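Participant: Contents of protein-v6.cif (mmCIF, C-alpha atoms and all ligand atoms) are below:
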```
data_protein
#
loop_
_atom_site.label_atom_id
_atom_site.label_comp_id
_atom_site.auth_asym_id
_atom_site.auth_seq_id
_atom_site.Cartn_x
_atom_site.Cartn_y
_atom_site.Cartn_z
CA MET A 1 78.70 -243.44 10.90
CA ARG A 2 80.46 -245.87 13.25
CA THR A 3 79.30 -249.43 13.03
CA ILE A 4 79.94 -251.20 16.30
CA ASP A 5 79.77 -254.91 17.06
CA PRO A 6 79.12 -255.07 20.83
CA ALA A 7 81.16 -258.29 21.01
CA THR A 8 84.33 -256.31 20.20
CA LEU A 9 83.95 -253.89 23.14
CA SER A 10 85.14 -254.08 26.73
CA TYR A 11 82.42 -254.45 29.35
CA ARG A 12 82.65 -250.76 30.25
CA GLU A 13 82.56 -249.55 26.64
CA ARG A 14 79.58 -251.78 25.87
CA HIS A 15 77.81 -250.63 29.03
CA GLN A 16 78.27 -246.94 28.19
CA LEU A 17 77.30 -247.49 24.54
CA VAL A 18 73.98 -248.92 25.73
CA LEU A 19 73.47 -246.28 28.43
CA SER A 20 74.30 -243.32 26.15
CA GLY A 21 71.98 -244.20 23.27
CA ILE A 22 69.07 -245.73 25.12
CA ALA A 23 68.36 -242.62 27.08
CA PRO A 24 66.97 -240.85 28.95
CA ARG A 25 65.74 -243.66 31.17
CA PRO A 26 63.41 -243.28 34.12
CA ILE A 27 64.94 -244.20 37.46
CA ALA A 28 63.32 -246.70 39.82
CA LEU A 29 64.26 -246.30 43.44
CA VAL A 30 63.64 -249.88 44.54
CA ALA A 31 63.03 -250.79 48.17
CA THR A 32 63.08 -254.46 49.17
CA GLN A 33 63.26 -256.47 52.37
CA ASN A 34 64.83 -259.82 53.11
CA ARG A 35 63.10 -262.55 55.13
CA ALA A 36 64.64 -261.17 58.31
CA GLY A 37 62.95 -257.83 57.59
CA GLN A 38 66.13 -255.89 56.77
CA VAL A 39 65.34 -253.04 54.35
CA ASN A 40 67.37 -252.29 51.19
CA LEU A 41 67.14 -249.34 48.80
CA ALA A 42 68.88 -248.88 45.43
CA PRO A 43 68.32 -247.04 42.13
CA TYR A 44 67.82 -248.87 38.83
CA SER A 45 67.59 -247.11 35.48
CA PHE A 46 67.19 -250.31 33.51
CA PHE A 47 63.56 -249.65 34.28
CA ASN A 48 60.39 -249.09 32.36
CA ALA A 49 56.68 -249.87 32.05
CA PHE A 50 55.56 -252.59 29.65
CA ALA A 51 51.84 -252.85 30.24
CA SER A 52 49.14 -250.97 32.04
CA HIS A 53 46.42 -253.62 32.16
CA PRO A 54 47.52 -254.90 34.60
CA PRO A 55 50.40 -252.49 35.24
CA ILE A 56 53.65 -254.38 34.62
CA VAL A 57 57.04 -252.76 35.03
CA ALA A 58 60.52 -254.25 34.72
CA ILE A 59 63.90 -253.56 36.26
CA GLY A 60 67.29 -254.90 35.22
CA PRO A 61 69.57 -255.57 38.17
CA ALA A 62 72.87 -256.86 36.76
CA HIS A 63 75.03 -259.25 38.75
CA SER A 64 78.08 -257.44 40.05
CA LEU A 65 80.78 -257.76 37.36
CA ARG A 66 83.47 -257.94 40.04
CA THR A 67 81.96 -260.80 42.04
CA MET A 68 79.29 -262.11 39.62
CA GLU A 69 77.05 -262.09 42.68
CA PRO A 70 73.46 -260.83 42.40
CA LYS A 71 72.73 -257.38 43.84
CA ASP A 72 70.90 -257.14 47.16
CA THR A 73 67.74 -255.94 45.41
CA LEU A 74 67.55 -259.12 43.32
CA VAL A 75 68.42 -261.38 46.27
CA ASN A 76 65.62 -259.84 48.33
CA LEU A 77 63.12 -259.88 45.47
CA LEU A 78 63.74 -263.58 44.86
CA GLU A 79 63.49 -264.22 48.60
CA THR A 80 60.28 -262.33 49.39
CA GLY A 81 58.74 -261.47 46.00
CA GLU A 82 57.90 -257.87 46.92
CA CYS A 83 59.24 -254.35 46.45
CA THR A 84 58.25 -250.74 46.15
CA ILE A 85 59.40 -248.47 43.37
CA SER A 86 59.54 -244.74 44.03
CA VAL A 87 60.29 -242.39 41.15
CA VAL A 88 63.28 -240.09 41.34
CA THR A 89 62.87 -236.31 41.29
CA ALA A 90 65.37 -233.46 41.04
CA ARG A 91 64.97 -232.81 44.76
CA ILE A 92 66.38 -236.21 45.80
CA VAL A 93 68.81 -237.10 43.03
CA GLU A 94 71.94 -236.61 45.17
CA GLN A 95 70.47 -238.77 47.94
CA VAL A 96 69.60 -241.43 45.36
CA ASN A 97 73.16 -241.35 44.06
CA LEU A 98 74.42 -241.84 47.61
CA ALA A 99 72.07 -244.82 48.04
CA SER A 100 73.62 -246.45 44.95
CA ALA A 101 76.94 -247.08 46.70
CA GLU A 102 77.74 -250.74 47.36
CA TYR A 103 76.87 -250.92 51.04
CA GLU A 104 77.17 -254.30 52.78
CA TYR A 105 74.21 -256.65 52.57
CA GLY A 106 71.81 -255.74 55.38
CA VAL A 107 72.64 -252.00 55.42
CA ASN A 108 69.52 -249.85 55.11
CA GLU A 109 70.25 -247.22 52.42
CA PHE A 110 67.19 -245.19 53.53
CA VAL A 111 69.28 -244.39 56.62
CA LYS A 112 72.50 -243.82 54.67
CA ALA A 113 70.80 -241.46 52.20
CA GLY A 114 68.57 -239.68 54.72
CA LEU A 115 65.35 -240.74 53.02
CA THR A 116 62.12 -241.45 54.90
CA GLN A 117 60.39 -244.85 54.96
CA ARG A 118 56.70 -244.60 54.11
CA PRO A 119 54.75 -247.68 55.22
CA SER A 120 53.14 -249.67 52.40
CA GLN A 121 49.72 -251.33 52.41
CA ARG A 122 49.97 -254.48 50.27
CA VAL A 123 53.68 -255.28 50.51
CA ARG A 124 56.18 -255.16 53.35
CA PRO A 125 58.95 -252.93 51.90
CA PRO A 126 58.31 -249.22 52.52
CA GLY A 127 58.15 -246.53 49.85
CA VAL A 128 60.24 -243.36 49.77
CA ALA A 129 58.19 -240.58 51.39
CA GLU A 130 60.12 -237.86 49.50
CA SER A 131 58.97 -239.27 46.12
CA PRO A 132 55.63 -238.08 44.68
CA TYR A 133 54.87 -241.40 42.95
CA ILE A 134 55.28 -244.76 44.68
CA MET A 135 54.32 -248.22 43.38
CA GLU A 136 53.79 -251.30 45.52
CA CYS A 137 54.91 -254.28 43.42
CA ILE A 138 54.77 -258.08 43.39
CA LEU A 139 57.38 -260.19 41.57
CA ARG A 140 55.86 -261.86 38.46
CA GLU A 141 58.87 -263.26 36.62
CA HIS A 142 62.66 -263.38 36.87
CA ILE A 143 64.52 -263.98 33.61
CA PRO A 144 68.32 -264.37 33.81
CA LEU A 145 69.78 -262.86 30.60
CA ALA A 146 72.27 -264.82 28.47
CA ARG A 147 73.66 -266.50 31.58
CA GLU A 148 74.94 -269.40 29.42
CA ARG A 149 77.21 -266.90 27.62
CA GLY A 150 78.46 -265.32 30.82
CA GLY A 151 75.78 -262.62 30.75
CA ASN A 152 75.25 -260.83 34.03
CA GLY A 153 71.90 -259.18 33.33
CA ASN A 154 68.51 -259.99 34.80
CA LEU A 155 65.04 -258.99 33.75
CA VAL A 156 62.61 -258.76 36.62
CA LEU A 157 58.94 -258.31 35.79
CA LEU A 158 56.84 -256.76 38.51
CA GLU A 159 53.13 -256.15 38.78
CA VAL A 160 52.09 -252.90 40.41
CA VAL A 161 49.30 -253.66 42.87
CA LEU A 162 48.96 -250.19 44.40
CA PHE A 163 49.99 -246.65 43.40
CA HIS A 164 50.45 -243.69 45.73
CA VAL A 165 50.57 -240.27 44.03
CA ALA A 166 51.05 -236.94 45.82
CA GLU A 167 48.08 -234.56 45.64
CA SER A 168 50.47 -231.74 44.81
CA VAL A 169 51.35 -233.14 41.35
CA PHE A 170 47.79 -233.07 39.99
CA VAL A 171 46.39 -230.24 37.86
CA ASP A 172 42.78 -230.72 36.70
CA GLY A 173 42.97 -234.44 37.40
CA ARG A 174 46.15 -234.97 35.35
CA ILE A 175 49.68 -235.50 36.59
CA ASP A 176 51.66 -232.39 35.65
CA PRO A 177 55.30 -233.05 34.68
CA ASN A 178 56.30 -229.63 35.97
CA ARG A 179 55.03 -230.63 39.39
CA MET A 180 56.52 -234.15 39.29
CA GLN A 181 60.04 -232.85 38.52
CA LEU A 182 61.26 -236.26 37.35
CA VAL A 183 64.86 -236.77 36.35
CA GLY A 184 66.20 -239.27 33.83
CA ARG A 185 69.49 -241.11 33.44
CA LEU A 186 71.69 -241.09 30.34
CA GLY A 187 75.24 -242.37 29.79
CA TRP A 188 78.32 -241.69 31.90
CA ASP A 189 77.45 -239.20 34.68
CA TRP A 190 74.62 -237.51 32.76
CA TYR A 191 71.11 -236.94 34.06
CA CYS A 192 68.33 -234.81 32.61
CA ARG A 193 65.30 -232.95 33.88
CA ALA A 194 61.90 -234.01 32.56
CA PHE A 195 60.30 -230.65 33.26
CA GLY A 196 60.52 -226.94 32.40
CA GLU A 197 62.21 -226.07 29.10
CA ALA A 198 62.77 -229.74 28.32
CA LEU A 199 59.04 -230.38 27.83
CA PHE A 200 57.05 -230.12 24.60
CA GLN A 201 53.79 -231.62 23.41
CA VAL A 202 53.12 -233.69 20.29
CA PRO A 203 49.40 -234.49 19.99
CA ARG A 204 48.74 -238.02 18.65
CA PRO A 205 47.37 -238.11 15.05
CA LYS A 206 43.56 -237.88 14.96
CA VAL A 207 43.33 -239.15 11.36
CA CYS A 208 45.46 -241.25 9.02
CA GLY A 209 47.61 -238.59 7.35
CA ILE A 210 48.22 -238.61 3.57
CA GLY A 211 51.92 -239.37 4.23
CA ILE A 212 55.03 -237.63 2.97
CA ASP A 213 55.00 -239.71 -0.22
CA ALA A 214 51.69 -238.07 -1.21
CA LEU A 215 52.95 -234.46 -0.91
CA PRO A 216 53.30 -232.45 -4.17
CA GLU A 217 56.83 -232.79 -5.48
CA GLU A 218 57.83 -229.12 -5.05
CA ILE A 219 56.96 -229.44 -1.35
CA ARG A 220 58.40 -232.94 -0.80
CA THR A 221 61.76 -231.96 -2.32
CA SER A 222 61.90 -228.48 -0.75
CA PRO A 223 65.36 -227.55 0.51
CA VAL A 224 63.72 -225.30 3.12
CA LEU A 225 61.23 -227.67 4.72
CA THR A 226 62.66 -230.32 7.04
CA GLY A 227 61.44 -233.88 7.62
CA GLN A 228 59.57 -232.57 10.69
CA ASP A 229 57.84 -229.90 8.60
CA LEU A 230 56.88 -232.42 5.92
CA ALA A 231 55.50 -234.77 8.60
CA LEU A 232 53.18 -232.02 9.84
CA LEU A 233 52.06 -231.15 6.29
CA ALA A 234 51.50 -234.86 5.59
CA SER A 235 49.35 -235.27 8.71
CA VAL A 236 46.23 -233.94 6.91
CA GLU A 237 43.55 -236.40 5.81
CA GLN A 238 43.52 -235.07 2.21
CA LEU A 239 45.46 -232.58 0.12
CA PRO A 240 44.05 -229.11 0.95
CA GLU A 241 42.53 -226.90 -1.74
CA PRO A 242 43.63 -223.25 -1.98
CA ASN A 243 41.32 -221.09 0.13
CA PRO A 244 40.51 -217.88 -1.82
CA ARG A 245 39.87 -216.06 1.49
CA PHE A 246 43.42 -216.74 2.73
CA PRO A 247 45.17 -214.77 4.13
CA ASN A 248 42.51 -213.21 6.29
CA PHE A 249 44.80 -211.01 8.36
CA PRO A 250 43.84 -210.07 11.92
CA GLU A 251 42.41 -206.54 12.26
CA GLY A 252 45.05 -203.83 12.70
CA ILE A 253 48.03 -206.00 11.62
CA ASN A 254 51.11 -204.06 10.64
CA ALA A 255 54.56 -205.25 9.66
CA ASP A 256 57.20 -204.14 7.17
CA ASP A 257 60.17 -206.49 7.61
CA VAL A 258 59.62 -210.14 6.85
CA GLU A 259 63.05 -211.14 8.20
CA VAL A 260 62.41 -209.57 11.60
CA GLU A 261 59.03 -211.29 11.83
CA LEU A 262 60.58 -214.66 10.95
CA VAL A 263 63.30 -214.22 13.56
CA VAL A 264 60.72 -213.54 16.27
CA GLY A 265 58.44 -216.33 15.02
CA GLU A 266 55.44 -214.23 13.91
CA PRO A 267 54.20 -215.97 10.73
CA TRP A 268 51.09 -213.82 10.19
CA ARG A 269 53.12 -210.62 10.38
CA ALA A 270 55.84 -212.18 8.20
CA LEU A 271 53.29 -213.04 5.53
CA TYR A 272 51.78 -209.57 5.72
CA ALA A 273 55.18 -207.88 5.37
CA PHE A 274 56.12 -210.17 2.48
CA LEU A 275 52.90 -209.59 0.53
CA GLN A 276 53.20 -205.81 1.04
CA ALA A 277 56.66 -205.88 -0.54
CA SER A 278 55.30 -208.06 -3.44
CA SER A 279 58.40 -209.37 -5.18
CA ALA A 280 58.22 -210.22 -8.88
CA ASP A 281 60.99 -212.81 -8.61
CA ARG A 282 59.21 -216.21 -8.68
CA ALA A 283 62.06 -218.24 -7.20
CA TYR A 284 62.48 -215.77 -4.36
CA ARG A 285 58.73 -215.76 -3.73
CA TRP A 286 58.55 -219.55 -3.49
CA TYR A 287 61.55 -219.57 -1.17
CA MET A 288 59.99 -216.99 1.15
CA LEU A 289 56.58 -218.65 1.18
CA GLN A 290 58.24 -221.90 2.27
CA ARG A 291 60.03 -220.07 5.10
CA ILE A 292 56.80 -218.44 6.24
CA ALA A 293 55.02 -221.81 6.04
CA ARG A 294 57.76 -223.22 8.27
CA ALA A 295 57.10 -220.49 10.80
CA PHE A 296 53.43 -221.53 10.88
CA LEU A 297 54.48 -225.19 11.26
CA GLN A 298 56.69 -224.33 14.20
CA ARG A 299 53.44 -223.30 15.90
CA ARG A 300 51.71 -226.45 14.58
CA GLN A 301 49.41 -224.24 12.43
CA VAL A 302 49.20 -226.79 9.62
CA GLU A 303 46.23 -225.30 7.73
CA GLU A 304 47.88 -221.86 7.62
CA ALA A 305 51.15 -223.46 6.47
CA TRP A 306 49.37 -225.27 3.64
CA GLN A 307 47.55 -222.13 2.54
CA THR A 308 50.80 -220.19 2.57
CA LEU A 309 52.41 -222.78 0.29
CA LEU A 310 49.34 -222.87 -1.97
CA LEU A 311 49.54 -219.08 -2.32
CA ASN A 312 52.47 -219.65 -4.67
CA ARG A 313 50.23 -221.23 -7.30
CA ARG A 314 47.58 -218.53 -6.82
CA LEU A 315 50.17 -215.76 -7.20
CA ASP A 316 51.55 -217.56 -10.27
CA GLY A 317 48.04 -217.49 -11.71
CA GLU A 318 47.77 -213.78 -11.02
CA GLY A 319 51.29 -213.05 -12.32
C1 LIG B 1 70.83 -243.61 38.70
C2 LIG B 1 71.38 -245.00 38.83
C3 LIG B 1 70.84 -246.02 38.09
C4 LIG B 1 71.32 -247.34 38.20
N1 LIG B 1 70.77 -248.32 37.45
C5 LIG B 1 71.19 -249.60 37.58
C6 LIG B 1 70.60 -250.63 36.82
O1 LIG B 1 69.67 -250.42 36.04
N2 LIG B 1 71.07 -251.89 36.99
C7 LIG B 1 72.05 -252.18 37.88
O2 LIG B 1 72.41 -253.34 38.00
N3 LIG B 1 72.63 -251.21 38.61
C8 LIG B 1 72.21 -249.94 38.50
N4 LIG B 1 72.78 -248.95 39.25
C9 LIG B 1 73.78 -249.32 40.25
C10 LIG B 1 73.13 -249.86 41.50
O3 LIG B 1 72.27 -248.88 42.08
C11 LIG B 1 74.21 -250.22 42.53
O4 LIG B 1 74.95 -251.34 42.04
C12 LIG B 1 73.68 -250.54 43.91
O5 LIG B 1 74.77 -250.69 44.80
C13 LIG B 1 72.85 -251.80 43.96
O6 LIG B 1 72.35 -251.91 45.26
P1 LIG B 1 71.80 -253.25 45.89
O7 LIG B 1 72.93 -254.25 45.86
O8 LIG B 1 71.45 -252.80 47.27
O9 LIG B 1 70.62 -253.69 45.09
C14 LIG B 1 72.36 -247.63 39.13
C15 LIG B 1 72.93 -246.59 39.87
C16 LIG B 1 72.46 -245.28 39.72
C17 LIG B 1 73.06 -244.17 40.52
#
```
Take the structure I supplied and represent it as structure tokens, if you would.
Facilitator:
Amino acid sequence: MRTIDPATLSYRERHQLVLSGIAPRPIALVATQNRAGQVNLAPYSFFNAFASHPPIVAIGPAHSLRTMEPKDTLVNLLETGECTISVVTARIVEQVNLASAEYEYGVNEFVKAGLTQRPSQRVRPPGVAESPYIMECILREHIPLARERGGNGNLVLLEVVLFHVAESVFVDGRIDPNRMQLVGRLGWDWYCRAFGEALFQVPRPKVCGIGIDALPEEIRTSPVLTGQDLALLASVEQLPEPNPRFPNFPEGINADDVEVELVVGEPWRALYAFLQASSADRAYRWYMLQRIARAFLQRRQVEEAWQTLLLNRRLDGEG
């Protein structure tokens, strides 16, 4: 592993080290206005939410390294204390990129990027009509970062006073990521999609799991089961007992090749095929039961995975 002291890097190397590992980051498309009413728009991926009660978000506009001058967004925020943040979707990412160019102070990047100003209700800067999720924000705090050491970063805390969310992104009252089509920013020129194949769900624990340290040794030290698998097995409230009715195969099940069933991710059929073949080799049996348990875990079927592993002891008893 490389151990890197950020103080030994050039500005660019340090910047990309941060951007590449702390990723993906959401992108705030920040609209501000100066006192004269001139509108500014720019993307910021040093952006995140830090509280929801009340909703507080933060952006990190760095001073320009070339001039050490603050960016227009920060100048305007400090001048008028207001902005809107519109989230960035796959449909507008090229326009957002265009808006990130260093246009002269006073140039309206909505116009440059062909984006539409949507009037706000509680603040003066407009939102981006093409974005499905717009926040009207008030400046709460500006914290210059390590300025005494030549730092050029800024942390700007903003309170969201009003949200606007497109009807089209809701499914059963919840915002659907596949309808939002958000994109994220990584290092260098990389972006990612936060929808489609990229999505997966991890339900929060409902109970305090026994923990990996409490798993039986033959499971905890298994060369087949990964840390992820062990975490699922360890999420149960207490060590399961073998269920004498397991496996209760679905009616009409048929399978004769455990390897094929594992490849296609069919744990019930894999178990059926394996038990039909009934191997006398204990080491092989334990190995296969672990693989079948893994297949159950890949579907988050924790109880079935446990029972599959516990079958080993039952079959030992029978053998
Ligand atoms: C996707 C994306 C994310 C960006 N994130 C940041 C950021 O977090 N902080 C920053 O200082 N500049 C960031 N930039 C660069 C600014 O958008 C750029 O300097 C812009 O010209 C600033 O505009 P302004 O001076 O009108 O505020 C980002 C650019 C892109 C394309």
Participant: With a distance cut-off of 7 Å and all atoms listed in the file, select the neighbouring residues of Asp229 of chain A, excluding the residue or stretch itself and same-chain residues fewer than 3 positions from it, and output the selection as a PyMOL selection string.
Facilitator: chain A and resi 225-226+232-233+294+297
Participant: Determine the nearest neighbour of ligand LIG 1 (chain B) from the options A:Ala7, A:Val107, A:Ile85, A:Leu78, counting all atoms listed in the file.
Facilitator: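 That would be A:Val107, the residue with the smallest distance to ligand LIG 1 (chain B).
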Participant: Can you work out the spacing between atom CA of Pro54 of chain A and atom CA of Val30 of chain A in Å, to one decimal?
Facilitator: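 According to the coordinates, atom CA of Pro54 of chain A and atom CA of Val30 of chain A are separated by 19.6 Å.
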Participant: Quick one: residues within 10 Å of Pro240 of chain A, only C-alpha atoms, excluding same-chain residues fewer than 2 positions away - as a list in words?
Facilitator: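 Residues meeting the cut-off are Leu233, Val236, Glu237, Gln238, Pro242, Asn243, Glu303, Trp306, Gln307 and Leu310 of chain A.
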Participant: What's around Ala90 of chain A at 8 Å? Count all atoms listed in the file, leave out sequence neighbours fewer than 5 positions away in its own chain, and write the answer as an MDAnalysis selection string.
Facilitator: chainID A and resid 181:183 193
Participant: Just to be explicit: take each residue in the selection above, keep C-alpha atoms, and write the result as a PDB file, in the frame of the given file.
Facilitator:
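Generated file (result.pdb):
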```pdb
ATOM      1  CA  GLN A 181      60.040-232.850  38.520  1.00  0.00           C
ATOM      2  CA  LEU A 182      61.260-236.260  37.350  1.00  0.00           C
ATOM      3  CA  VAL A 183      64.860-236.770  36.350  1.00  0.00           C
ATOM      4  CA  ARG A 193      65.300-232.950  33.880  1.00  0.00           C
TER       5      ARG A 193
END
```
Participant: Using only C-alpha atoms and all ligand atoms, find each residue in chain A having at least one atom no more than 9 Å away from ligand LIG 1 (chain B); report its shortest atom-to-atom pair and that distance in Å (one decimal), rows by chain then rising number, as JSON lines.
Facilitator:
```
{"residue": "A:Arg25", "atom": "CA", "partner": "B:LIG1", "partner_atom": "C3", "distance": 8.9}
{"residue": "A:Pro26", "atom": "CA", "partner": "B:LIG1", "partner_atom": "C1", "distance": 8.7}
{"residue": "A:Ile27", "atom": "CA", "partner": "B:LIG1", "partner_atom": "C1", "distance": 6.0}
{"residue": "A:Ala28", "atom": "CA", "partner": "B:LIG1", "partner_atom": "C3", "distance": 7.7}
{"residue": "A:Leu29", "atom": "CA", "partner": "B:LIG1", "partner_atom": "C3", "distance": 8.5}
{"residue": "A:Val30", "atom": "CA", "partner": "B:LIG1", "partner_atom": "O9", "distance": 8.0}
{"residue": "A:Ala31", "atom": "CA", "partner": "B:LIG1", "partner_atom": "O9", "distance": 8.7}
{"residue": "A:Thr32", "atom": "CA", "partner": "B:LIG1", "partner_atom": "O9", "distance": 8.6}
{"residue": "A:Asn40", "atom": "CA", "partner": "B:LIG1", "partner_atom": "O8", "distance": 5.7}
{"residue": "A:Leu41", "atom": "CA", "partner": "B:LIG1", "partner_atom": "O8", "distance": 5.7}
{"residue": "A:Ala42", "atom": "CA", "partner": "B:LIG1", "partner_atom": "O6", "distance": 4.6}
{"residue": "A:Pro43", "atom": "CA", "partner": "B:LIG1", "partner_atom": "O3", "distance": 4.4}
{"residue": "A:Tyr44", "atom": "CA", "partner": "B:LIG1", "partner_atom": "N1", "distance": 3.3}
{"residue": "A:Ser45", "atom": "CA", "partner": "B:LIG1", "partner_atom": "N1", "distance": 3.9}
{"residue": "A:Phe46", "atom": "CA", "partner": "B:LIG1", "partner_atom": "O1", "distance": 3.5}
{"residue": "A:Phe47", "atom": "CA", "partner": "B:LIG1", "partner_atom": "O1", "distance": 6.4}
{"residue": "A:Ile59", "atom": "CA", "partner": "B:LIG1", "partner_atom": "O1", "distance": 6.6}
{"residue": "A:Gly60", "atom": "CA", "partner": "B:LIG1", "partner_atom": "O1", "distance": 5.1}
{"residue": "A:Pro61", "atom": "CA", "partner": "B:LIG1", "partner_atom": "O2", "distance": 3.6}
{"residue": "A:Ala62", "atom": "CA", "partner": "B:LIG1", "partner_atom": "O2", "distance": 3.8}
{"residue": "A:His63", "atom": "CA", "partner": "B:LIG1", "partner_atom": "O2", "distance": 6.5}
{"residue": "A:Ser64", "atom": "CA", "partner": "B:LIG1", "partner_atom": "O4", "distance": 7.1}
{"residue": "A:Pro70", "atom": "CA", "partner": "B:LIG1", "partner_atom": "O7", "distance": 7.5}
{"residue": "A:Lys71", "atom": "CA", "partner": "B:LIG1", "partner_atom": "O7", "distance": 3.7}
{"residue": "A:Asp72", "atom": "CA", "partner": "B:LIG1", "partner_atom": "O7", "distance": 3.8}
{"residue": "A:Thr73", "atom": "CA", "partner": "B:LIG1", "partner_atom": "O9", "distance": 3.7}
{"residue": "A:Leu74", "atom": "CA", "partner": "B:LIG1", "partner_atom": "O9", "distance": 6.5}
{"residue": "A:Val75", "atom": "CA", "partner": "B:LIG1", "partner_atom": "O9", "distance": 8.1}
{"residue": "A:Asn76", "atom": "CA", "partner": "B:LIG1", "partner_atom": "O9", "distance": 8.6}
{"residue": "A:Val88", "atom": "CA", "partner": "B:LIG1", "partner_atom": "C1", "distance": 8.7}
{"residue": "A:Val93", "atom": "CA", "partner": "B:LIG1", "partner_atom": "C1", "distance": 8.1}
{"residue": "A:Glu94", "atom": "CA", "partner": "B:LIG1", "partner_atom": "C17", "distance": 8.9}
{"residue": "A:Val96", "atom": "CA", "partner": "B:LIG1", "partner_atom": "C17", "distance": 6.6}
{"residue": "A:Asn97", "atom": "CA", "partner": "B:LIG1", "partner_atom": "C17", "distance": 4.5}
{"residue": "A:Leu98", "atom": "CA", "partner": "B:LIG1", "partner_atom": "C17", "distance": 7.6}
{"residue": "A:Ala99", "atom": "CA", "partner": "B:LIG1", "partner_atom": "O3", "distance": 7.2}
{"residue": "A:Ser100", "atom": "CA", "partner": "B:LIG1", "partner_atom": "O3", "distance": 4.0}
{"residue": "A:Ala101", "atom": "CA", "partner": "B:LIG1", "partner_atom": "O5", "distance": 4.6}
{"residue": "A:Glu102", "atom": "CA", "partner": "B:LIG1", "partner_atom": "O5", "distance": 3.9}
{"residue": "A:Tyr103", "atom": "CA", "partner": "B:LIG1", "partner_atom": "O5", "distance": 6.6}
{"residue": "A:Glu104", "atom": "CA", "partner": "B:LIG1", "partner_atom": "O8", "distance": 8.1}
{"residue": "A:Tyr105", "atom": "CA", "partner": "B:LIG1", "partner_atom": "O8", "distance": 7.1}
{"residue": "A:Gly106", "atom": "CA", "partner": "B:LIG1", "partner_atom": "O8", "distance": 8.6}
{"residue": "A:Val107", "atom": "CA", "partner": "B:LIG1", "partner_atom": "O8", "distance": 8.3}
{"residue": "A:Asn108", "atom": "CA", "partner": "B:LIG1", "partner_atom": "O8", "distance": 8.6}
{"residue": "A:Glu109", "atom": "CA", "partner": "B:LIG1", "partner_atom": "O8", "distance": 7.7}
{"residue": "A:Asn152", "atom": "CA", "partner": "B:LIG1", "partner_atom": "O2", "distance": 8.9}
{"residue": "A:Gly153", "atom": "CA", "partner": "B:LIG1", "partner_atom": "O2", "distance": 7.5}
{"residue": "A:Asn154", "atom": "CA", "partner": "B:LIG1", "partner_atom": "O2", "distance": 8.3}
{"residue": "A:Gly184", "atom": "CA", "partner": "B:LIG1", "partner_atom": "C1", "distance": 8.0}
{"residue": "A:Arg185", "atom": "CA", "partner": "B:LIG1", "partner_atom": "C1", "distance": 6.0}
{"residue": "A:Leu186", "atom": "CA", "partner": "B:LIG1", "partner_atom": "C1", "distance": 8.8}
{"residue": "A:Asp189", "atom": "CA", "partner": "B:LIG1", "partner_atom": "C17", "distance": 8.8}
{"residue": "A:Tyr191", "atom": "CA", "partner": "B:LIG1", "partner_atom": "C1", "distance": 8.1}
```
